[in-house]
Amino acid sequence: MSAQLKEVFKTILFVALLGLMLFSLRHYVFTPVIVKGDSMDPTLHDGERVIALKNTQINRFDIITFEAPDDVGKNYIKRVIGLPGDVVEYREDTLYINGKAYDEPYLAAFRAKLTDGFPLTADFTMTDFGVEQIPKGKLLVLGDNRRISKDSRMIGLIDQSVVLGDVKFIFWPLEDFGIIPKQHSE
């Protein structure tokens, strides 16, 4: 085999391996997602491109993307509020999980702008979902823009099996480039 043919073969092999590696990363490690709509304002904005990590542990207050249970072929991006076994309720615009009140700093900007006397998040309890606590394999998700978000209050609790990834990073537009800050700690 000539040196030139060897070099062509090496180049083809390199490109094929690179392609396989990129395909594997995209299929098993992360997925790019485009934010559509305003339901996650002010945290994420319509048109932003984000990276969701696959096969990660989903924690309370993580932002996830998942298959829409009510619209085949569409995905939603929402914040995880309730995990299996939790009892979640909203009273007087305050989140309670297992009887403990939680601050939601990611909602502060919207709450500060409210002037109509209505809460950002309407009251609800687990009985609104037909359960006493979140069942195994389910999650309660809410959008940050609570007044317009189509979330668990409309679509019900979601199956953990439809979660596509944990949204961690904004890569477009460049002025928003970076890791999505963890806005809550338990």
# chains A, B, ... in the order shown; residues from 1 in each chain; ligands from 1
>>> residues_around(residues="Lys36 in chain A", least_positions_apart="5", cutoff="10 Å", atoms="only C-alpha atoms", output="PDB file with N, CA, C and O atoms, in the first residue's frame")
ATOM      1  N   LEU A  44     -35.174  31.086  31.471  1.00  0.00           N
ATOM      2  CA  LEU A  44     -34.849  30.755  30.085  1.00  0.00           C
ATOM      3  C   LEU A  44     -35.800  31.535  29.174  1.00  0.00           C
ATOM      4  O   LEU A  44     -36.961  31.752  29.535  1.00  0.00           O
ATOM      5  N   HIS A  45     -35.306  31.893  27.995  1.00  0.00           N
ATOM      6  CA  HIS A  45     -36.080  32.742  27.097  1.00  0.00           C
ATOM      7  C   HIS A  45     -36.338  32.047  25.765  1.00  0.00           C
ATOM      8  O   HIS A  45     -35.534  31.229  25.309  1.00  0.00           O
ATOM      9  N   ASP A  46     -37.441  32.421  25.140  1.00  0.00           N
ATOM     10  CA  ASP A  46     -37.817  31.894  23.841  1.00  0.00           C
ATOM     11  C   ASP A  46     -36.651  32.031  22.859  1.00  0.00           C
ATOM     12  O   ASP A  46     -36.050  33.104  22.756  1.00  0.00           O
ATOM     13  N   GLY A  47     -36.312  30.944  22.192  1.00  0.00           N
ATOM     14  CA  GLY A  47     -35.251  30.957  21.185  1.00  0.00           C
ATOM     15  C   GLY A  47     -33.871  30.598  21.702  1.00  0.00           C
ATOM     16  O   GLY A  47     -32.962  30.362  20.900  1.00  0.00           O
ATOM     17  N   GLU A  48     -33.683  30.558  23.011  1.00  0.00           N
ATOM     18  CA  GLU A  48     -32.374  30.171  23.534  1.00  0.00           C
ATOM     19  C   GLU A  48     -32.102  28.709  23.194  1.00  0.00           C
ATOM     20  O   GLU A  48     -33.023  27.901  23.136  1.00  0.00           O
ATOM     21  N   ARG A  49     -30.842  28.402  22.991  1.00  0.00           N
ATOM     22  CA  ARG A  49     -30.410  27.023  22.777  1.00  0.00           C
ATOM     23  C   ARG A  49     -29.687  26.570  24.036  1.00  0.00           C
ATOM     24  O   ARG A  49     -28.807  27.268  24.533  1.00  0.00           O
ATOM     25  N   ASN A  75     -41.597  18.674  22.861  1.00  0.00           N
ATOM     26  CA  ASN A  75     -40.961  18.561  24.174  1.00  0.00           C
ATOM     27  C   ASN A  75     -41.229  19.827  24.970  1.00  0.00           C
ATOM     28  O   ASN A  75     -41.386  20.901  24.398  1.00  0.00           O
ATOM     29  N   TYR A  76     -41.280  19.685  26.292  1.00  0.00           N
ATOM     30  CA  TYR A  76     -41.440  20.818  27.190  1.00  0.00           C
ATOM     31  C   TYR A  76     -40.178  20.973  28.035  1.00  0.00           C
ATOM     32  O   TYR A  76     -39.455  20.003  28.269  1.00  0.00           O
ATOM     33  N   ILE A  77     -39.962  22.193  28.519  1.00  0.00           N
ATOM     34  CA  ILE A  77     -38.909  22.479  29.483  1.00  0.00           C
ATOM     35  C   ILE A  77     -39.583  23.077  30.707  1.00  0.00           C
ATOM     36  O   ILE A  77     -40.279  24.091  30.590  1.00  0.00           O
TER      37      ILE A  77
END
>>> select_by_dssp(residues="range 2-181 of chain A", states="alpha helix (DSSP H)", output="MDAnalysis selection string")
chainID A and resid 3:28 108:113 152:155
>>> write_last_selection(atoms="N, CA and C atoms", output="compact mmCIF listing (two decimals), in the first residue's frame")
# COMPACT_ATOMS: atom_id res chain seq x y z
N ALA A 3 2.13 5.18 0.48
CA ALA A 3 2.05 6.12 1.61
C ALA A 3 0.84 7.04 1.46
N GLN A 4 0.55 7.44 0.22
CA GLN A 4 -0.59 8.33 -0.03
C GLN A 4 -1.91 7.61 0.27
N LEU A 5 -2.03 6.35 -0.11
CA LEU A 5 -3.24 5.56 0.15
C LEU A 5 -3.41 5.34 1.66
N LYS A 6 -2.29 5.10 2.36
CA LYS A 6 -2.34 4.93 3.82
C LYS A 6 -2.87 6.21 4.48
N GLU A 7 -2.40 7.35 4.00
CA GLU A 7 -2.82 8.63 4.57
C GLU A 7 -4.32 8.85 4.33
N VAL A 8 -4.82 8.53 3.16
CA VAL A 8 -6.26 8.65 2.86
C VAL A 8 -7.05 7.72 3.78
N PHE A 9 -6.57 6.49 3.94
CA PHE A 9 -7.25 5.52 4.81
C PHE A 9 -7.27 6.03 6.25
N LYS A 10 -6.17 6.57 6.76
CA LYS A 10 -6.10 7.12 8.12
C LYS A 10 -7.10 8.27 8.29
N THR A 11 -7.17 9.13 7.27
CA THR A 11 -8.10 10.27 7.34
C THR A 11 -9.54 9.79 7.38
N ILE A 12 -9.89 8.83 6.54
CA ILE A 12 -11.25 8.28 6.52
C ILE A 12 -11.57 7.62 7.86
N LEU A 13 -10.62 6.87 8.40
CA LEU A 13 -10.81 6.22 9.69
C LEU A 13 -11.00 7.26 10.80
N PHE A 14 -10.18 8.31 10.78
CA PHE A 14 -10.29 9.38 11.78
C PHE A 14 -11.66 10.04 11.72
N VAL A 15 -12.12 10.39 10.52
CA VAL A 15 -13.43 11.04 10.36
C VAL A 15 -14.55 10.11 10.81
N ALA A 16 -14.46 8.83 10.48
CA ALA A 16 -15.48 7.87 10.90
C ALA A 16 -15.51 7.72 12.42
N LEU A 17 -14.35 7.63 13.05
CA LEU A 17 -14.30 7.52 14.52
C LEU A 17 -14.79 8.80 15.19
N LEU A 18 -14.44 9.94 14.64
CA LEU A 18 -14.91 11.21 15.17
C LEU A 18 -16.43 11.29 15.07
N GLY A 19 -16.96 10.89 13.92
CA GLY A 19 -18.42 10.87 13.73
C GLY A 19 -19.10 9.93 14.72
N LEU A 20 -18.54 8.76 14.92
CA LEU A 20 -19.09 7.79 15.87
C LEU A 20 -19.05 8.35 17.30
N MET A 21 -17.95 9.00 17.63
CA MET A 21 -17.82 9.58 18.96
C MET A 21 -18.86 10.69 19.17
N LEU A 22 -19.01 11.57 18.20
CA LEU A 22 -20.00 12.65 18.31
C LEU A 22 -21.42 12.10 18.38
N PHE A 23 -21.72 11.10 17.57
CA PHE A 23 -23.04 10.46 17.61
C PHE A 23 -23.29 9.86 18.99
N SER A 24 -22.30 9.17 19.53
CA SER A 24 -22.45 8.54 20.85
C SER A 24 -22.67 9.58 21.94
N LEU A 25 -21.89 10.65 21.91
CA LEU A 25 -22.07 11.72 22.90
C LEU A 25 -23.47 12.31 22.80
N ARG A 26 -23.91 12.60 21.59
CA ARG A 26 -25.24 13.19 21.37
C ARG A 26 -26.35 12.23 21.80
N HIS A 27 -26.15 10.95 21.56
CA HIS A 27 -27.19 9.96 21.85
C HIS A 27 -27.23 9.56 23.32
N TYR A 28 -26.08 9.51 23.99
CA TYR A 28 -26.02 8.98 25.35
C TYR A 28 -25.67 10.00 26.43
N ALA A 108 -38.63 35.68 41.95
CA ALA A 108 -38.62 37.01 42.56
C ALA A 108 -38.83 38.13 41.55
N ALA A 109 -38.21 38.04 40.38
CA ALA A 109 -38.33 39.11 39.38
C ALA A 109 -39.78 39.26 38.92
N PHE A 110 -40.47 38.14 38.69
CA PHE A 110 -41.87 38.22 38.27
C PHE A 110 -42.76 38.71 39.40
N ARG A 111 -42.54 38.20 40.59
CA ARG A 111 -43.37 38.62 41.73
C ARG A 111 -43.26 40.12 41.97
N ALA A 112 -42.07 40.67 41.81
CA ALA A 112 -41.86 42.10 42.04
C ALA A 112 -42.64 42.96 41.06
N LYS A 113 -42.93 42.43 39.89
CA LYS A 113 -43.63 43.20 38.86
C LYS A 113 -45.16 43.10 38.97
N SER A 152 -47.65 20.78 35.07
CA SER A 152 -48.38 19.70 35.75
C SER A 152 -49.78 20.10 36.17
N ARG A 153 -50.02 21.38 36.38
CA ARG A 153 -51.36 21.81 36.74
C ARG A 153 -52.36 21.57 35.61
N MET A 154 -51.87 21.49 34.36
CA MET A 154 -52.74 21.23 33.22
C MET A 154 -52.55 19.83 32.65
N ILE A 155 -51.29 19.40 32.56
CA ILE A 155 -50.99 18.12 31.91
C ILE A 155 -50.84 16.97 32.89
>>> select_by_dssp(residues="chain A", states="strand (DSSP E)", output="VMD selection string")
chain A and resid 30 to 34 49 to 53 63 to 67 75 to 82 88 to 91 94 to 97 100 to 102 138 to 142 158 to 159 163 to 172 178 to 179
>>> write_last_selection(atoms="C-alpha atoms", output="PDB file, in the first residue's frame")
ATOM      1  CA  PHE A  30     -26.325  15.251  26.037  1.00  0.00           C
ATOM      2  CA  THR A  31     -28.973  16.679  23.766  1.00  0.00           C
ATOM      3  CA  PRO A  32     -29.299  20.210  22.399  1.00  0.00           C
ATOM      4  CA  VAL A  33     -32.719  21.807  22.953  1.00  0.00           C
ATOM      5  CA  ILE A  34     -34.350  24.997  21.680  1.00  0.00           C
ATOM      6  CA  ARG A  49     -30.410  27.023  22.777  1.00  0.00           C
ATOM      7  CA  VAL A  50     -29.535  24.882  25.779  1.00  0.00           C
ATOM      8  CA  ILE A  51     -27.765  21.614  26.514  1.00  0.00           C
ATOM      9  CA  ALA A  52     -29.564  18.943  28.517  1.00  0.00           C
ATOM     10  CA  LEU A  53     -27.473  16.211  30.110  1.00  0.00           C
ATOM     11  CA  ILE A  63     -34.849  22.292  34.960  1.00  0.00           C
ATOM     12  CA  ILE A  64     -35.647  19.333  32.726  1.00  0.00           C
ATOM     13  CA  THR A  65     -36.829  18.699  29.209  1.00  0.00           C
ATOM     14  CA  PHE A  66     -39.336  15.930  28.572  1.00  0.00           C
ATOM     15  CA  GLU A  67     -41.680  14.532  25.951  1.00  0.00           C
ATOM     16  CA  ASN A  75     -40.961  18.561  24.174  1.00  0.00           C
ATOM     17  CA  TYR A  76     -41.440  20.818  27.190  1.00  0.00           C
ATOM     18  CA  ILE A  77     -38.909  22.479  29.483  1.00  0.00           C
ATOM     19  CA  LYS A  78     -40.029  22.901  33.103  1.00  0.00           C
ATOM     20  CA  ARG A  79     -38.693  23.011  36.658  1.00  0.00           C
ATOM     21  CA  VAL A  80     -39.022  19.926  38.896  1.00  0.00           C
ATOM     22  CA  ILE A  81     -40.947  20.912  42.023  1.00  0.00           C
ATOM     23  CA  GLY A  82     -42.122  17.558  43.394  1.00  0.00           C
ATOM     24  CA  VAL A  88     -46.779  19.463  47.335  1.00  0.00           C
ATOM     25  CA  GLU A  89     -49.172  22.359  47.710  1.00  0.00           C
ATOM     26  CA  TYR A  90     -49.382  26.061  47.025  1.00  0.00           C
ATOM     27  CA  ARG A  91     -51.098  28.382  49.492  1.00  0.00           C
ATOM     28  CA  THR A  94     -46.058  30.025  48.840  1.00  0.00           C
ATOM     29  CA  LEU A  95     -44.713  26.590  47.915  1.00  0.00           C
ATOM     30  CA  TYR A  96     -44.998  23.869  50.563  1.00  0.00           C
ATOM     31  CA  ILE A  97     -43.291  20.505  50.150  1.00  0.00           C
ATOM     32  CA  LYS A 100     -42.227  22.905  54.758  1.00  0.00           C
ATOM     33  CA  ALA A 101     -42.377  26.335  53.085  1.00  0.00           C
ATOM     34  CA  TYR A 102     -39.802  26.912  50.327  1.00  0.00           C
ATOM     35  CA  LYS A 138     -43.749  10.556  38.623  1.00  0.00           C
ATOM     36  CA  LEU A 139     -42.677  14.209  38.882  1.00  0.00           C
ATOM     37  CA  LEU A 140     -44.544  17.453  39.451  1.00  0.00           C
ATOM     38  CA  VAL A 141     -43.182  20.160  37.157  1.00  0.00           C
ATOM     39  CA  LEU A 142     -43.962  23.875  36.876  1.00  0.00           C
ATOM     40  CA  ILE A 158     -45.216  13.411  34.323  1.00  0.00           C
ATOM     41  CA  ASP A 159     -43.559  10.020  34.049  1.00  0.00           C
ATOM     42  CA  VAL A 163     -37.440  12.891  30.845  1.00  0.00           C
ATOM     43  CA  LEU A 164     -34.935  13.579  28.066  1.00  0.00           C
ATOM     44  CA  GLY A 165     -32.374  15.453  30.117  1.00  0.00           C
ATOM     45  CA  ASP A 166     -31.422  17.866  32.855  1.00  0.00           C
ATOM     46  CA  VAL A 167     -30.935  21.358  31.344  1.00  0.00           C
ATOM     47  CA  LYS A 168     -27.602  22.734  32.552  1.00  0.00           C
ATOM     48  CA  PHE A 169     -26.058  25.036  29.961  1.00  0.00           C
ATOM     49  CA  ILE A 170     -27.074  27.858  27.587  1.00  0.00           C
ATOM     50  CA  PHE A 171     -24.979  28.014  24.418  1.00  0.00           C
ATOM     51  CA  TRP A 172     -26.959  30.496  22.314  1.00  0.00           C
ATOM     52  CA  GLY A 178     -22.889  29.734  30.336  1.00  0.00           C
ATOM     53  CA  ILE A 179     -24.055  27.380  33.021  1.00  0.00           C
TER      54      ILE A 179
END
>>> atom_distance(atom1="CA of Ile148 in chain A", atom2="CA of Ser39 in chain A")
6.1 Å
>>> atom_distance(atom1="CA of Phe61 in chain A", atom2="CA of Leu157 in chain A")
15.2 Å
>>> residues_around(residues="Asp86 in chain A", least_positions_apart="3", cutoff="9 Å", atoms="only C-alpha atoms", output="NGL selection string")
:A and (82-83 or 97-98 or 132-135)
>>> decode(residues="range 103-116 of chain A", atoms="all heavy atoms", output="PDB file, in the first residue's frame")
ATOM      1  N   ASP A 103     -38.686  28.927  49.671  1.00  0.00           N
ATOM      2  CA  ASP A 103     -38.488  30.150  48.922  1.00  0.00           C
ATOM      3  C   ASP A 103     -38.153  29.755  47.484  1.00  0.00           C
ATOM      4  O   ASP A 103     -37.484  28.738  47.257  1.00  0.00           O
ATOM      5  CB  ASP A 103     -37.335  30.947  49.539  1.00  0.00           C
ATOM      6  CG  ASP A 103     -37.112  32.265  48.834  1.00  0.00           C
ATOM      7  OD1 ASP A 103     -38.099  32.905  48.423  1.00  0.00           O
ATOM      8  OD2 ASP A 103     -35.938  32.661  48.688  1.00  0.00           O
ATOM      9  N   GLU A 104     -38.614  30.518  46.522  1.00  0.00           N
ATOM     10  CA  GLU A 104     -38.301  30.265  45.113  1.00  0.00           C
ATOM     11  C   GLU A 104     -37.681  31.526  44.520  1.00  0.00           C
ATOM     12  O   GLU A 104     -38.361  32.326  43.893  1.00  0.00           O
ATOM     13  CB  GLU A 104     -39.557  29.858  44.348  1.00  0.00           C
ATOM     14  CG  GLU A 104     -40.138  28.542  44.806  1.00  0.00           C
ATOM     15  CD  GLU A 104     -41.413  28.196  44.060  1.00  0.00           C
ATOM     16  OE1 GLU A 104     -42.470  28.734  44.427  1.00  0.00           O
ATOM     17  OE2 GLU A 104     -41.326  27.406  43.102  1.00  0.00           O
ATOM     18  N   PRO A 105     -36.371  31.719  44.709  1.00  0.00           N
ATOM     19  CA  PRO A 105     -35.729  32.961  44.274  1.00  0.00           C
ATOM     20  C   PRO A 105     -35.823  33.206  42.764  1.00  0.00           C
ATOM     21  O   PRO A 105     -35.779  34.357  42.325  1.00  0.00           O
ATOM     22  CB  PRO A 105     -34.278  32.798  44.726  1.00  0.00           C
ATOM     23  CG  PRO A 105     -34.093  31.350  44.979  1.00  0.00           C
ATOM     24  CD  PRO A 105     -35.433  30.799  45.340  1.00  0.00           C
ATOM     25  N   TYR A 106     -35.969  32.167  41.978  1.00  0.00           N
ATOM     26  CA  TYR A 106     -36.090  32.312  40.528  1.00  0.00           C
ATOM     27  C   TYR A 106     -37.410  32.967  40.136  1.00  0.00           C
ATOM     28  O   TYR A 106     -37.598  33.336  38.978  1.00  0.00           O
ATOM     29  CB  TYR A 106     -35.917  30.955  39.831  1.00  0.00           C
ATOM     30  CG  TYR A 106     -36.681  29.834  40.499  1.00  0.00           C
ATOM     31  CD1 TYR A 106     -38.011  29.600  40.212  1.00  0.00           C
ATOM     32  CD2 TYR A 106     -36.062  29.024  41.445  1.00  0.00           C
ATOM     33  CE1 TYR A 106     -38.710  28.594  40.849  1.00  0.00           C
ATOM     34  CE2 TYR A 106     -36.754  28.018  42.083  1.00  0.00           C
ATOM     35  CZ  TYR A 106     -38.084  27.808  41.775  1.00  0.00           C
ATOM     36  OH  TYR A 106     -38.790  26.809  42.406  1.00  0.00           O
ATOM     37  N   LEU A 107     -38.350  33.129  41.059  1.00  0.00           N
ATOM     38  CA  LEU A 107     -39.632  33.786  40.786  1.00  0.00           C
ATOM     39  C   LEU A 107     -39.651  35.241  41.247  1.00  0.00           C
ATOM     40  O   LEU A 107     -40.609  35.963  40.978  1.00  0.00           O
ATOM     41  CB  LEU A 107     -40.779  33.031  41.472  1.00  0.00           C
ATOM     42  CG  LEU A 107     -40.973  31.571  41.081  1.00  0.00           C
ATOM     43  CD1 LEU A 107     -42.141  30.972  41.856  1.00  0.00           C
ATOM     44  CD2 LEU A 107     -41.174  31.412  39.592  1.00  0.00           C
ATOM     45  N   ALA A 108     -38.626  35.678  41.945  1.00  0.00           N
ATOM     46  CA  ALA A 108     -38.615  37.007  42.559  1.00  0.00           C
ATOM     47  C   ALA A 108     -38.834  38.127  41.546  1.00  0.00           C
ATOM     48  O   ALA A 108     -39.574  39.077  41.821  1.00  0.00           O
ATOM     49  CB  ALA A 108     -37.319  37.224  43.333  1.00  0.00           C
ATOM     50  N   ALA A 109     -38.206  38.038  40.380  1.00  0.00           N
ATOM     51  CA  ALA A 109     -38.330  39.106  39.382  1.00  0.00           C
ATOM     52  C   ALA A 109     -39.782  39.257  38.920  1.00  0.00           C
ATOM     53  O   ALA A 109     -40.277  40.372  38.779  1.00  0.00           O
ATOM     54  CB  ALA A 109     -37.420  38.820  38.191  1.00  0.00           C
ATOM     55  N   PHE A 110     -40.468  38.145  38.688  1.00  0.00           N
ATOM     56  CA  PHE A 110     -41.869  38.221  38.266  1.00  0.00           C
ATOM     57  C   PHE A 110     -42.758  38.713  39.398  1.00  0.00           C
ATOM     58  O   PHE A 110     -43.646  39.524  39.183  1.00  0.00           O
ATOM     59  CB  PHE A 110     -42.349  36.858  37.783  1.00  0.00           C
ATOM     60  CG  PHE A 110     -42.198  36.659  36.292  1.00  0.00           C
ATOM     61  CD1 PHE A 110     -41.262  37.360  35.561  1.00  0.00           C
ATOM     62  CD2 PHE A 110     -43.001  35.761  35.636  1.00  0.00           C
ATOM     63  CE1 PHE A 110     -41.128  37.165  34.205  1.00  0.00           C
ATOM     64  CE2 PHE A 110     -42.875  35.559  34.272  1.00  0.00           C
ATOM     65  CZ  PHE A 110     -41.933  36.270  33.558  1.00  0.00           C
ATOM     66  N   ARG A 111     -42.538  38.200  40.585  1.00  0.00           N
ATOM     67  CA  ARG A 111     -43.375  38.623  41.727  1.00  0.00           C
ATOM     68  C   ARG A 111     -43.262  40.123  41.970  1.00  0.00           C
ATOM     69  O   ARG A 111     -44.237  40.778  42.295  1.00  0.00           O
ATOM     70  CB  ARG A 111     -42.988  37.859  42.987  1.00  0.00           C
ATOM     71  CG  ARG A 111     -43.569  36.479  43.032  1.00  0.00           C
ATOM     72  CD  ARG A 111     -43.556  35.924  44.455  1.00  0.00           C
ATOM     73  NE  ARG A 111     -44.179  34.623  44.473  1.00  0.00           N
ATOM     74  CZ  ARG A 111     -43.562  33.488  44.729  1.00  0.00           C
ATOM     75  NH1 ARG A 111     -42.273  33.488  45.023  1.00  0.00           N
ATOM     76  NH2 ARG A 111     -44.216  32.352  44.711  1.00  0.00           N
ATOM     77  N   ALA A 112     -42.072  40.670  41.809  1.00  0.00           N
ATOM     78  CA  ALA A 112     -41.858  42.098  42.042  1.00  0.00           C
ATOM     79  C   ALA A 112     -42.641  42.961  41.057  1.00  0.00           C
ATOM     80  O   ALA A 112     -42.993  44.098  41.376  1.00  0.00           O
ATOM     81  CB  ALA A 112     -40.369  42.428  41.967  1.00  0.00           C
ATOM     82  N   LYS A 113     -42.928  42.434  39.894  1.00  0.00           N
ATOM     83  CA  LYS A 113     -43.632  43.197  38.860  1.00  0.00           C
ATOM     84  C   LYS A 113     -45.157  43.098  38.972  1.00  0.00           C
ATOM     85  O   LYS A 113     -45.861  43.819  38.280  1.00  0.00           O
ATOM     86  CB  LYS A 113     -43.199  42.718  37.476  1.00  0.00           C
ATOM     87  CG  LYS A 113     -41.758  43.022  37.156  1.00  0.00           C
ATOM     88  CD  LYS A 113     -41.384  42.477  35.787  1.00  0.00           C
ATOM     89  CE  LYS A 113     -39.914  42.686  35.498  1.00  0.00           C
ATOM     90  NZ  LYS A 113     -39.523  42.119  34.211  1.00  0.00           N
ATOM     91  N   LEU A 114     -45.651  42.205  39.809  1.00  0.00           N
ATOM     92  CA  LEU A 114     -47.100  42.025  39.912  1.00  0.00           C
ATOM     93  C   LEU A 114     -47.750  43.233  40.573  1.00  0.00           C
ATOM     94  O   LEU A 114     -47.312  43.675  41.636  1.00  0.00           O
ATOM     95  CB  LEU A 114     -47.435  40.763  40.710  1.00  0.00           C
ATOM     96  CG  LEU A 114     -46.998  39.437  40.092  1.00  0.00           C
ATOM     97  CD1 LEU A 114     -47.369  38.283  41.022  1.00  0.00           C
ATOM     98  CD2 LEU A 114     -47.610  39.231  38.727  1.00  0.00           C
ATOM     99  N   THR A 115     -48.796  43.734  39.930  1.00  0.00           N
ATOM    100  CA  THR A 115     -49.506  44.887  40.477  1.00  0.00           C
ATOM    101  C   THR A 115     -51.013  44.666  40.531  1.00  0.00           C
ATOM    102  O   THR A 115     -51.742  45.541  40.987  1.00  0.00           O
ATOM    103  CB  THR A 115     -49.227  46.142  39.632  1.00  0.00           C
ATOM    104  OG1 THR A 115     -49.654  45.905  38.287  1.00  0.00           O
ATOM    105  CG2 THR A 115     -47.756  46.515  39.663  1.00  0.00           C
ATOM    106  N   ASP A 116     -51.470  43.500  40.087  1.00  0.00           N
ATOM    107  CA  ASP A 116     -52.916  43.277  39.987  1.00  0.00           C
ATOM    108  C   ASP A 116     -53.533  42.632  41.229  1.00  0.00           C
ATOM    109  O   ASP A 116     -54.730  42.390  41.268  1.00  0.00           O
ATOM    110  CB  ASP A 116     -53.254  42.443  38.749  1.00  0.00           C
ATOM    111  CG  ASP A 116     -52.587  41.078  38.737  1.00  0.00           C
ATOM    112  OD1 ASP A 116     -51.987  40.679  39.759  1.00  0.00           O
ATOM    113  OD2 ASP A 116     -52.663  40.405  37.693  1.00  0.00           O
TER     114      ASP A 116
END
